[in-house]
$ cat input-v8.pdb   # PDB, C-alpha atoms and all ligand atoms
ATOM      1  CA  MET I   1       5.804 -19.115 -25.424
ATOM      2  CA  LYS I   2       5.594 -17.054 -22.258
ATOM      3  CA  ASN I   3       3.351 -19.588 -20.504
ATOM      4  CA  PHE I   4       5.601 -22.412 -21.544
ATOM      5  CA  TYR I   5       8.725 -20.809 -20.124
ATOM      6  CA  GLN I   6       6.891 -19.747 -16.972
ATOM      7  CA  CYS I   7       5.656 -23.289 -16.351
ATOM      8  CA  LEU I   8       9.028 -24.820 -17.099
ATOM      9  CA  GLY I   9      10.764 -22.276 -14.888
ATOM     10  CA  VAL I  10       8.471 -22.943 -11.936
ATOM     11  CA  SER I  11       8.801 -26.709 -12.430
ATOM     12  CA  VAL I  12      12.579 -26.574 -12.401
ATOM     13  CA  ALA I  13      12.620 -24.257  -9.364
ATOM     14  CA  VAL I  14      10.360 -26.571  -7.344
ATOM     15  CA  LEU I  15      12.357 -29.645  -8.363
ATOM     16  CA  LEU I  16      15.581 -27.947  -7.291
ATOM     17  CA  ALA I  17      14.010 -26.990  -3.950
ATOM     18  CA  ASN I  18      12.999 -30.615  -3.385
ATOM     19  CA  THR I  19      16.451 -31.968  -4.131
ATOM     20  CA  ALA I  20      17.942 -29.788  -1.326
ATOM     21  CA  SER I  21      18.069 -32.288   1.506
ATOM     22  CA  ALA I  22      16.845 -31.373   4.960
ATOM     23  CA  VAL I  23      19.422 -30.852   7.672
ATOM     24  CA  SER I  24      19.103 -32.384  11.099
ATOM     25  CA  PHE I  25      21.479 -32.403  14.061
ATOM     26  CA  ASN I  26      21.003 -34.098  17.399
ATOM     27  CA  ALA I  27      23.815 -34.265  19.954
ATOM     28  CA  SER I  28      22.519 -37.656  21.122
ATOM     29  CA  SER I  29      23.695 -39.004  17.710
ATOM     30  CA  TRP I  30      27.174 -37.499  18.065
ATOM     31  CA  PRO I  31      29.520 -37.800  16.183
ATOM     32  CA  GLY I  32      27.066 -38.240  13.321
ATOM     33  CA  PRO I  33      27.566 -37.957  10.370
ATOM     34  CA  PHE I  34      25.040 -35.126   9.960
ATOM     35  CA  SER I  35      24.321 -34.746   6.246
ATOM     36  CA  GLY I  36      24.771 -31.233   4.849
ATOM     37  CA  ILE I  37      26.331 -29.851   8.060
ATOM     38  CA  THR I  38      30.025 -29.209   8.673
ATOM     39  CA  ILE I  39      30.807 -28.595  12.353
ATOM     40  CA  THR I  40      34.005 -26.815  13.390
ATOM     41  CA  SER I  41      35.078 -25.552  16.806
ATOM     42  CA  SER I  42      37.743 -23.821  18.861
ATOM     43  CA  GLY I  43      38.821 -27.107  20.429
ATOM     44  CA  THR I  44      37.949 -30.759  20.784
ATOM     45  CA  LEU I  45      34.191 -31.280  20.701
ATOM     46  CA  GLU I  46      32.635 -33.121  23.632
ATOM     47  CA  THR I  47      29.093 -34.021  24.647
ATOM     48  CA  LYS I  48      27.559 -34.095  28.100
ATOM     49  CA  SER I  49      24.401 -35.950  29.098
ATOM     50  CA  PHE I  50      22.096 -35.920  32.111
ATOM     51  CA  ALA I  51      18.397 -35.568  32.927
ATOM     52  CA  GLY I  52      17.580 -37.397  29.678
ATOM     53  CA  PHE I  53      19.248 -34.843  27.380
ATOM     54  CA  THR I  54      22.567 -34.592  25.527
ATOM     55  CA  GLY I  55      24.312 -31.393  24.425
ATOM     56  CA  LEU I  56      27.432 -30.667  22.380
ATOM     57  CA  GLY I  57      30.149 -28.375  23.734
ATOM     58  CA  VAL I  58      33.899 -27.857  23.833
ATOM     59  CA  GLN I  59      36.260 -29.913  25.959
ATOM     60  CA  GLY I  60      38.170 -28.157  28.740
ATOM     61  CA  GLY I  61      38.086 -24.425  29.507
ATOM     62  CA  ASN I  62      36.013 -23.369  32.510
ATOM     63  CA  VAL I  63      33.430 -26.110  32.006
ATOM     64  CA  GLY I  64      34.159 -29.357  30.151
ATOM     65  CA  GLY I  65      31.671 -30.245  27.413
ATOM     66  CA  GLU I  66      30.184 -26.723  27.280
ATOM     67  CA  ILE I  67      30.952 -23.585  25.275
ATOM     68  CA  ASP I  68      32.265 -21.287  27.994
ATOM     69  CA  THR I  69      33.869 -17.868  28.515
ATOM     70  CA  ARG I  70      37.371 -19.071  29.343
ATOM     71  CA  ASP I  71      39.638 -16.232  28.130
ATOM     72  CA  GLY I  72      36.659 -14.118  27.039
ATOM     73  CA  GLU I  73      33.615 -14.311  24.797
ATOM     74  CA  SER I  74      35.222 -15.674  21.640
ATOM     75  CA  SER I  75      37.844 -18.160  22.831
ATOM     76  CA  GLU I  76      35.424 -21.109  22.808
ATOM     77  CA  TRP I  77      33.027 -21.447  19.904
ATOM     78  CA  ILE I  78      31.216 -23.953  17.685
ATOM     79  CA  ASN I  79      30.309 -23.247  14.058
ATOM     80  CA  PHE I  80      27.672 -25.014  11.926
ATOM     81  CA  GLN I  81      28.158 -24.557   8.158
ATOM     82  CA  PHE I  82      25.364 -25.739   5.836
ATOM     83  CA  SER I  83      26.146 -27.027   2.340
ATOM     84  CA  THR I  84      22.911 -25.408   1.063
ATOM     85  CA  PRO I  85      21.267 -22.232   2.461
ATOM     86  CA  THR I  86      18.466 -23.517   4.655
ATOM     87  CA  LEU I  87      15.568 -22.425   6.828
ATOM     88  CA  ILE I  88      15.869 -23.451  10.466
ATOM     89  CA  SER I  89      12.590 -24.700  11.936
ATOM     90  CA  ASP I  90      13.837 -25.324  15.452
ATOM     91  CA  LEU I  91      16.974 -25.034  17.556
ATOM     92  CA  THR I  92      17.436 -26.381  21.081
ATOM     93  CA  ILE I  93      20.100 -25.048  23.466
ATOM     94  CA  GLY I  94      20.990 -26.841  26.718
ATOM     95  CA  THR I  95      22.715 -26.322  30.096
ATOM     96  CA  LEU I  96      21.718 -22.644  30.120
ATOM     97  CA  TYR I  97      20.706 -21.713  33.685
ATOM     98  CA  PRO I  98      19.576 -18.640  35.618
ATOM     99  CA  ASN I  99      21.572 -17.016  38.402
ATOM    100  CA  GLY I 100      21.892 -19.314  41.427
ATOM    101  CA  GLU I 101      21.720 -22.672  39.671
ATOM    102  CA  PHE I 102      24.827 -24.870  39.448
ATOM    103  CA  ASN I 103      26.723 -22.090  41.229
ATOM    104  CA  ASP I 104      26.084 -19.626  38.390
ATOM    105  CA  SER I 105      26.389 -15.937  39.291
ATOM    106  CA  VAL I 106      24.616 -14.609  36.182
ATOM    107  CA  ASN I 107      21.559 -15.394  34.066
ATOM    108  CA  GLU I 108      23.502 -17.398  31.480
ATOM    109  CA  ALA I 109      23.240 -16.180  27.888
ATOM    110  CA  ALA I 110      24.179 -17.699  24.521
ATOM    111  CA  ARG I 111      25.003 -15.638  21.439
ATOM    112  CA  ILE I 112      24.216 -16.997  17.974
ATOM    113  CA  THR I 113      25.725 -15.272  14.943
ATOM    114  CA  VAL I 114      23.905 -16.021  11.664
ATOM    115  CA  ASN I 115      25.656 -15.870   8.266
ATOM    116  CA  GLY I 116      28.614 -14.129   9.891
ATOM    117  CA  SER I 117      26.739 -10.916  10.695
ATOM    118  CA  SER I 118      23.360 -10.964  12.495
ATOM    119  CA  THR I 119      23.587 -11.742  16.205
ATOM    120  CA  TYR I 120      20.874 -13.097  18.459
ATOM    121  CA  GLN I 121      20.754 -13.883  22.152
ATOM    122  CA  LEU I 122      19.058 -16.517  24.287
ATOM    123  CA  GLN I 123      19.109 -15.867  28.039
ATOM    124  CA  ALA I 124      17.738 -17.971  30.895
ATOM    125  CA  THR I 125      15.684 -15.869  33.342
ATOM    126  CA  GLY I 126      14.113 -18.581  35.544
ATOM    127  CA  PHE I 127      13.572 -22.342  35.892
ATOM    128  CA  THR I 128      11.232 -22.367  32.886
ATOM    129  CA  THR I 129      11.540 -18.859  31.447
ATOM    130  CA  ALA I 130      14.020 -17.380  28.968
ATOM    131  CA  THR I 131      14.250 -14.477  26.556
ATOM    132  CA  TRP I 132      15.037 -14.769  22.831
ATOM    133  CA  ASN I 133      15.478 -11.647  20.732
ATOM    134  CA  GLY I 134      15.004 -13.306  17.323
ATOM    135  CA  SER I 135      11.895 -14.529  15.506
ATOM    136  CA  GLY I 136       9.603 -17.317  16.644
ATOM    137  CA  SER I 137       9.180 -18.377  20.235
ATOM    138  CA  VAL I 138      11.154 -20.090  22.992
ATOM    139  CA  ALA I 139       9.848 -22.876  25.222
ATOM    140  CA  ASN I 140      11.476 -24.694  28.128
ATOM    141  CA  VAL I 141      11.867 -28.440  27.441
ATOM    142  CA  SER I 142      13.880 -29.352  30.585
ATOM    143  CA  PRO I 143      13.819 -27.182  33.724
ATOM    144  CA  ALA I 144      16.800 -24.891  34.295
ATOM    145  CA  ARG I 145      17.512 -25.901  37.896
ATOM    146  CA  ASP I 146      20.097 -27.980  39.740
ATOM    147  CA  GLY I 147      17.715 -29.797  42.078
ATOM    148  CA  ASN I 148      19.029 -28.116  45.246
ATOM    149  CA  PRO I 149      17.386 -27.638  47.622
ATOM    150  CA  VAL I 150      15.230 -30.735  47.128
ATOM    151  CA  GLY I 151      11.951 -28.829  47.453
ATOM    152  CA  GLU I 152      12.758 -26.735  44.385
ATOM    153  CA  GLY I 153      12.118 -29.655  42.022
ATOM    154  CA  ALA I 154      14.224 -32.208  40.156
ATOM    155  CA  GLU I 155      17.487 -31.387  38.381
ATOM    156  CA  GLY I 156      16.975 -30.480  34.732
ATOM    157  CA  PHE I 157      19.156 -29.970  31.649
ATOM    158  CA  GLY I 158      18.249 -26.281  31.311
ATOM    159  CA  ALA I 159      17.081 -26.890  27.724
ATOM    160  CA  TRP I 160      15.240 -24.373  25.545
ATOM    161  CA  LYS I 161      13.600 -25.065  22.190
ATOM    162  CA  ILE I 162      13.377 -22.054  19.888
ATOM    163  CA  THR I 163      10.809 -22.575  17.135
ATOM    164  CA  ASN I 164      11.357 -20.742  13.820
ATOM    165  CA  PRO I 165      14.349 -18.877  15.378
ATOM    166  CA  PHE I 166      15.396 -16.846  12.319
ATOM    167  CA  GLY I 167      12.070 -16.462  10.508
ATOM    168  CA  ASN I 168      12.376 -16.808   6.731
ATOM    169  CA  LEU I 169      16.113 -16.107   6.701
ATOM    170  CA  LEU I 170      18.097 -18.627   4.648
ATOM    171  CA  VAL I 171      20.953 -19.727   6.875
ATOM    172  CA  THR I 172      24.399 -20.767   5.665
ATOM    173  CA  SER I 173      26.223 -20.623   8.991
ATOM    174  CA  LEU I 174      25.558 -20.466  12.724
ATOM    175  CA  ARG I 175      28.256 -19.571  15.235
ATOM    176  CA  PHE I 176      27.658 -20.278  18.909
ATOM    177  CA  THR I 177      29.540 -18.263  21.563
ATOM    178  CA  PRO I 178      28.859 -17.487  25.244
ATOM    179  CA  ARG I 179      28.097 -14.037  26.648
ATOM    180  CA  LYS I 180      30.550 -12.826  29.259
ATOM    181  CA  LEU I 181      28.284 -11.283  31.900
ATOM    182  CA  GLY I 182      30.180 -12.027  35.107
ATOM    183  CA  ASP I 183      33.605 -13.041  36.313
ATOM    184  CA  ASP I 184      34.652 -15.134  33.307
ATOM    185  CA  THR I 185      34.794 -18.353  35.362
ATOM    186  CA  GLY I 186      32.585 -21.425  35.509
ATOM    187  CA  ARG I 187      30.026 -19.157  37.221
ATOM    188  CA  ASP I 188      29.659 -17.136  33.989
ATOM    189  CA  SER I 189      27.700 -18.172  30.840
ATOM    190  CA  ASP I 190      28.266 -21.602  29.326
ATOM    191  CA  PHE I 191      25.967 -23.852  27.315
ATOM    192  CA  THR I 192      25.561 -26.730  24.855
ATOM    193  CA  ILE I 193      23.828 -27.349  21.504
ATOM    194  CA  VAL I 194      21.150 -30.055  21.821
ATOM    195  CA  SER I 195      19.514 -30.221  18.379
ATOM    196  CA  LEU I 196      18.670 -28.339  15.200
ATOM    197  CA  ASN I 197      16.328 -29.061  12.269
ATOM    198  CA  SER I 198      15.278 -27.598   8.932
ATOM    199  CA  PRO I 199      11.600 -27.779   7.892
ATOM    200  CA  ALA I 200      11.869 -29.715   4.596
ATOM    201  CA  ALA I 201      12.214 -33.090   6.348
ATOM    202  CA  SER I 202       8.460 -33.426   6.843
ATOM    203  CA  LEU I 203       7.325 -32.312   3.357
ATOM    204  CA  PRO I 204       8.889 -34.555   0.688
ATOM    205  CA  VAL I 205       5.728 -36.382  -0.489
ATOM    206  CA  ALA I 206       3.496 -33.322  -0.978
ATOM    207  CA  ASP I 207       6.326 -31.393  -2.635
ATOM    208  CA  ALA I 208       7.166 -34.235  -4.976
ATOM    209  CA  GLY I 209       3.515 -34.398  -6.066
ATOM    210  CA  SER I 210       3.263 -30.698  -6.806
ATOM    211  CA  SER I 211       6.583 -30.830  -8.665
ATOM    212  CA  MET I 212       5.338 -33.593 -10.930
ATOM    213  CA  ALA I 213       2.111 -31.684 -11.550
ATOM    214  CA  LEU I 214       4.050 -28.555 -12.505
ATOM    215  CA  LEU I 215       6.454 -30.548 -14.656
ATOM    216  CA  GLY I 216       3.406 -32.089 -16.337
ATOM    217  CA  MET I 217       2.071 -28.596 -17.062
ATOM    218  CA  GLY I 218       5.438 -27.720 -18.565
ATOM    219  CA  LEU I 219       5.408 -30.804 -20.788
ATOM    220  CA  LEU I 220       1.818 -30.107 -21.874
ATOM    221  CA  SER I 221       2.974 -26.613 -22.802
ATOM    222  CA  ILE I 222       5.693 -28.134 -24.987
ATOM    223  CA  VAL I 223       3.097 -30.339 -26.703
ATOM    224  CA  GLY I 224       0.812 -27.332 -27.212
ATOM    225  CA  LEU I 225       3.677 -25.244 -28.546
ATOM    226  CA  SER I 226       4.636 -28.005 -31.016
ATOM    227  CA  ARG I 227       1.074 -28.265 -32.308
ATOM    228  CA  TRP I 228       0.792 -24.487 -32.592
ATOM    229  CA  THR I 229       4.102 -24.349 -34.501
ATOM    230  CA  ALA I 230       2.958 -27.209 -36.768
ATOM    231  CA  ARG I 231      -0.297 -25.344 -37.555
ATOM    232  CA  GLN I 232       1.627 -22.182 -38.422
ATOM    233  CA  ARG I 233       3.736 -24.141 -40.885
ATOM    234  CA  ALA I 234       0.732 -25.941 -42.430
TER     235      ALA I 234
HETATM  236 CA    CA I 301      34.371 -25.735  27.686
HETATM  237 CA    CA I 302      25.725 -23.641  31.752
END

$ encode --input "input-v8.pdb" --output "structure tokens" --more "lines below"
Ligand SMILES: [Ca+2]
Ligand SMILES: [Ca+2]
Amino acid sequence: MKNFYQCLGVSVAVLLANTASAVSFNASSWPGPFSGITITSSGTLETKSFAGFTGLGVQGGNVGGEIDTRDGESSEWINFQFSTPTLISDLTIGTLYPNGEFNDSVNEAARITVNGSSTYQLQATGFTTATWNGSGSVANVSPARDGNPVGEGAEGFGAWKITNPFGNLLVTSLRFTPRKLGDDTGRDSDFTIVSLNSPAASLPVADAGSSMALLGMGLLSIVGLSRWTARQRA
């Protein structure tokens, strides 16, 4: 009996996990739809594109198409709500530059609040370097420079891919706000959301196979239990 219920329990749990669809957002596909994600914001959402990248931000304020510090740290924001708690395998933030680029007077920083409580920070520190105080690792995917002077290298989108940003934490919401580090103008922090993915998207076949195997074990347990019961009655 115990084995039967254990097998059945595991089978059902794995099947349920497989039916939770993967979430995927990419600003280049704006306005979606993006299955399983509800996006809300402080104002009209707007994308900006250059250097081969697209990011999502908020219209107006200090910087159009970016989440900026107009009227402080919480006046412009974007919120991602997930219909099912999900792992986040990667998150890419754009137009986040160090001091001196695009007239910025600070090393721009983005704050990400997870599930309404835990806060994390991504901060650009150079053309290709940034700090992230969460799990995983951050890598530059488009240089954080404005292309002036010419010798410094081509203009880039200032894009940073954070892999496994929240570890094994199941995420229901992400809130994106800028850090006010300077004079609260367009020279202060502002940024965009480029893309976001959950890990399940690449695993459906293997998971489906293991689910069927476990379900099969559960069914075999039922057969065994029936035979055992029949023998007891005989
Ligand atoms: Ca803005
Ligand atoms: Ca910026």

$ atom_distance --input "input-v8.pdb" --atom1 "atom CA of Trp132 of chain I" --atom2 "atom CA of Gly43 of chain I"
26.9 Å

$ axis_aligned_box --input "input-v8.pdb" --around "segment 138-142 of chain I" --padding-each-side "4 Å" --output "JSON"
{"center_x": 11.9, "center_y": -24.7, "center_z": 26.8, "size_x": 12.0, "size_y": 17.3, "size_z": 15.6}

$ residues_near_ligand --input "input-v8.pdb" --ligand "ligand CA 301 (chain I)" --cutoff "8 Å" --atoms "only C-alpha atoms and all ligand atoms" --output "list in words"
Gly57, Val58, Gln59, Gly60, Gly61, Asn62, Val63, Gly64, Gly65, Glu66, Ile67, Asp68, Thr69, Arg70, Glu76 and Asp190 of chain I

$ closest_atom_pairs --input "input-v8.pdb" --of "chain I" --to "ligand CA 302 (chain I)" --cutoff "7 Å" --atoms "all atoms listed in the file" --output "CSV"
residue,atom,partner,partner_atom,distance
I:Thr95,CA,I:CA302,CA,4.4
I:Leu96,CA,I:CA302,CA,4.4
I:Tyr97,CA,I:CA302,CA,5.7
I:Glu108,CA,I:CA302,CA,6.6
I:Ser189,CA,I:CA302,CA,5.9
I:Asp190,CA,I:CA302,CA,4.1
I:Phe191,CA,I:CA302,CA,4.4

$ residues_around --input "input-v8.pdb" --residues "Thr177 of chain I" --least-positions-apart "5" --cutoff "7 Å" --atoms "only C-alpha atoms" --output "ChimeraX atom specification"
/I:67,73-74,76-77,110-112

$ residues_around --input "input-v8.pdb" --residues "Val23 of chain I" --least-positions-apart "3" --cutoff "12 Å" --atoms "all atoms listed in the file" --output "ChimeraX atom specification"
/I:20,26,33-38,80-91,171-172,195-202

$ closest_residue --input "input-v8.pdb" --among "I:Pro178, I:Gly167, I:Gly52, I:Gly186" --to "Thr113 of chain I" --atoms "all atoms listed in the file"
I:Pro178

$ atom_distance --input "input-v8.pdb" --atom1 "atom CA of Ser75 of chain I" --atom2 "atom CA of Ser42 of chain I"
6.9 Å

$ residues_near_point --input "input-v8.pdb" --point "(18.4, -21.2, 42.9)" --cutoff "12 Å" --atoms "only C-alpha atoms" --output "list of chain:residue names"
I:Tyr97, I:Pro98, I:Asn99, I:Gly100, I:Glu101, I:Phe102, I:Asn103, I:Asp104, I:Ser105, I:Val106, I:Asn107, I:Thr125, I:Gly126, I:Phe127, I:Pro143, I:Ala144, I:Arg145, I:Asp146, I:Gly147, I:Asn148, I:Pro149, I:Val150, I:Gly151, I:Glu152, I:Gly153, I:Glu155

$ atom_distance --input "input-v8.pdb" --atom1 "atom CA of Leu174 of chain I" --atom2 "atom CA of Ala139 of chain I"
20.2 Å

$ closest_residue --input "input-v8.pdb" --among "I:Gly134, I:Pro31, I:Gly94, I:Gly116" --to "Thr163 of chain I" --atoms "all atoms listed in the file"
I:Gly134

$ residues_around --input "input-v8.pdb" --residues "Thr131 of chain I" --least-positions-apart "3" --cutoff "7 Å" --atoms "only C-alpha atoms" --output "CSV table (one decimal) with C-alpha atoms, in the frame of the given file"
chain,number,residue,atom,x,y,z
I,122,LEU,CA,19.1,-16.5,24.3
I,123,GLN,CA,19.1,-15.9,28.0
I,124,ALA,CA,17.7,-18.0,30.9

$ closest_residue --input "input-v8.pdb" --among "I:Ser24, I:Ser41, I:Asn115, I:Thr192" --to "Phe157 of chain I" --atoms "all atoms listed in the file"
I:Thr192

$ closest_residue --input "input-v8.pdb" --among "I:Trp160, I:Phe166, I:Tyr120, I:Trp30" --to "Leu56 of chain I" --atoms "all atoms listed in the file"
I:Trp30

$ closest_residue --input "input-v8.pdb" --among "I:Ser142, I:Thr40, I:Ser28, I:Asn164" --to "Val194 of chain I" --atoms "only C-alpha atoms"
I:Ser28

$ closest_residue --input "input-v8.pdb" --among "I:Ala22, I:Ala109, I:Ile193, I:Val114" --to "Ser49 of chain I" --atoms "all atoms listed in the file"
I:Ile193

$ decode --input "input-v8.pdb" --residues "segment 90-120 of chain I" --atoms "N, CA and C atoms" --output "mmCIF file, in the first residue's frame"
data_model
loop_
_atom_site.group_PDB
_atom_site.id
_atom_site.type_symbol
_atom_site.label_atom_id
_atom_site.label_comp_id
_atom_site.auth_asym_id
_atom_site.auth_seq_id
_atom_site.Cartn_x
_atom_site.Cartn_y
_atom_site.Cartn_z
ATOM 1 N N ASP I 90 17.165 32.889 -16.688
ATOM 2 C CA ASP I 90 17.988 34.027 -17.103
ATOM 3 C C ASP I 90 17.131 35.278 -17.239
ATOM 4 N N LEU I 91 17.780 36.407 -17.005
ATOM 5 C CA LEU I 91 17.135 37.718 -17.054
ATOM 6 C C LEU I 91 18.136 38.691 -17.666
ATOM 7 N N THR I 92 17.703 39.427 -18.688
ATOM 8 C CA THR I 92 18.611 40.386 -19.325
ATOM 9 C C THR I 92 18.067 41.805 -19.188
ATOM 10 N N ILE I 93 18.909 42.678 -18.658
ATOM 11 C CA ILE I 93 18.586 44.096 -18.436
ATOM 12 C C ILE I 93 19.389 44.921 -19.434
ATOM 13 N N GLY I 94 18.765 45.989 -19.983
ATOM 14 C CA GLY I 94 19.448 46.799 -20.991
ATOM 15 C C GLY I 94 19.507 48.275 -20.630
ATOM 16 N N THR I 95 20.244 49.027 -21.437
ATOM 17 C CA THR I 95 20.480 50.474 -21.292
ATOM 18 C C THR I 95 20.883 50.865 -19.870
ATOM 19 N N LEU I 96 21.769 50.051 -19.296
ATOM 20 C CA LEU I 96 22.310 50.306 -17.954
ATOM 21 C C LEU I 96 23.818 50.587 -18.123
ATOM 22 N N TYR I 97 24.201 51.836 -17.915
ATOM 23 C CA TYR I 97 25.551 52.305 -18.277
ATOM 24 C C TYR I 97 26.334 52.803 -17.061
ATOM 25 N N PRO I 98 27.674 52.768 -17.175
ATOM 26 C CA PRO I 98 28.494 53.337 -16.102
ATOM 27 C C PRO I 98 28.586 54.859 -16.235
ATOM 28 N N ASN I 99 29.056 55.471 -15.195
ATOM 29 C CA ASN I 99 29.287 56.918 -15.144
ATOM 30 C C ASN I 99 30.065 57.382 -16.380
ATOM 31 N N GLY I 100 29.555 58.438 -17.037
ATOM 32 C CA GLY I 100 30.267 59.002 -18.182
ATOM 33 C C GLY I 100 29.676 58.648 -19.528
ATOM 34 N N GLU I 101 28.885 57.573 -19.582
ATOM 35 C CA GLU I 101 28.288 57.170 -20.849
ATOM 36 C C GLU I 101 26.884 57.777 -20.987
ATOM 37 N N PHE I 102 26.558 58.202 -22.193
ATOM 38 C CA PHE I 102 25.256 58.832 -22.454
ATOM 39 C C PHE I 102 24.940 59.905 -21.402
ATOM 40 N N ASN I 103 25.982 60.646 -21.036
ATOM 41 C CA ASN I 103 25.837 61.780 -20.116
ATOM 42 C C ASN I 103 25.477 61.371 -18.689
ATOM 43 N N ASP I 104 25.583 60.072 -18.385
ATOM 44 C CA ASP I 104 25.253 59.636 -17.018
ATOM 45 C C ASP I 104 26.282 60.152 -16.015
ATOM 46 N N SER I 105 25.805 60.487 -14.821
ATOM 47 C CA SER I 105 26.700 60.988 -13.764
ATOM 48 C C SER I 105 26.882 59.966 -12.647
ATOM 49 N N VAL I 106 26.291 58.791 -12.816
ATOM 50 C CA VAL I 106 26.423 57.723 -11.806
ATOM 51 C C VAL I 106 26.653 56.392 -12.528
ATOM 52 N N ASN I 107 27.121 55.378 -11.795
ATOM 53 C CA ASN I 107 27.063 54.011 -12.310
ATOM 54 C C ASN I 107 25.614 53.558 -12.151
ATOM 55 N N GLU I 108 24.881 53.491 -13.251
ATOM 56 C CA GLU I 108 23.445 53.207 -13.173
ATOM 57 C C GLU I 108 23.177 51.868 -12.486
ATOM 58 N N ALA I 109 22.098 51.832 -11.706
ATOM 59 C CA ALA I 109 21.745 50.610 -10.977
ATOM 60 C C ALA I 109 20.249 50.356 -11.066
ATOM 61 N N ALA I 110 19.896 49.071 -11.226
ATOM 62 C CA ALA I 110 18.505 48.625 -11.278
ATOM 63 C C ALA I 110 18.210 47.813 -10.032
ATOM 64 N N ARG I 111 17.024 48.037 -9.450
ATOM 65 C CA ARG I 111 16.596 47.250 -8.297
ATOM 66 C C ARG I 111 15.488 46.302 -8.754
ATOM 67 N N ILE I 112 15.608 45.034 -8.310
ATOM 68 C CA ILE I 112 14.584 44.039 -8.642
ATOM 69 C C ILE I 112 14.052 43.462 -7.333
ATOM 70 N N THR I 113 12.750 43.634 -7.119
ATOM 71 C CA THR I 113 12.113 43.121 -5.906
ATOM 72 C C THR I 113 11.368 41.845 -6.257
ATOM 73 N N VAL I 114 11.705 40.738 -5.562
ATOM 74 C CA VAL I 114 11.145 39.422 -5.864
ATOM 75 C C VAL I 114 10.078 39.064 -4.836
ATOM 76 N N ASN I 115 8.916 38.638 -5.327
ATOM 77 C CA ASN I 115 7.800 38.194 -4.473
ATOM 78 C C ASN I 115 7.421 39.252 -3.431
ATOM 79 N N GLY I 116 7.632 40.507 -3.789
ATOM 80 C CA GLY I 116 7.208 41.614 -2.931
ATOM 81 C C GLY I 116 8.098 41.884 -1.732
ATOM 82 N N SER I 117 9.217 41.141 -1.585
ATOM 83 C CA SER I 117 10.022 41.346 -0.381
ATOM 84 C C SER I 117 11.528 41.408 -0.637
ATOM 85 N N SER I 118 12.105 40.368 -1.235
ATOM 86 C CA SER I 118 13.567 40.329 -1.408
ATOM 87 C C SER I 118 14.003 41.289 -2.505
ATOM 88 N N THR I 119 15.019 42.111 -2.213
ATOM 89 C CA THR I 119 15.497 43.046 -3.228
ATOM 90 C C THR I 119 16.918 42.718 -3.659
ATOM 91 N N TYR I 120 17.154 42.890 -4.936
ATOM 92 C CA TYR I 120 18.458 42.634 -5.538
ATOM 93 C C TYR I 120 18.850 43.848 -6.366
#
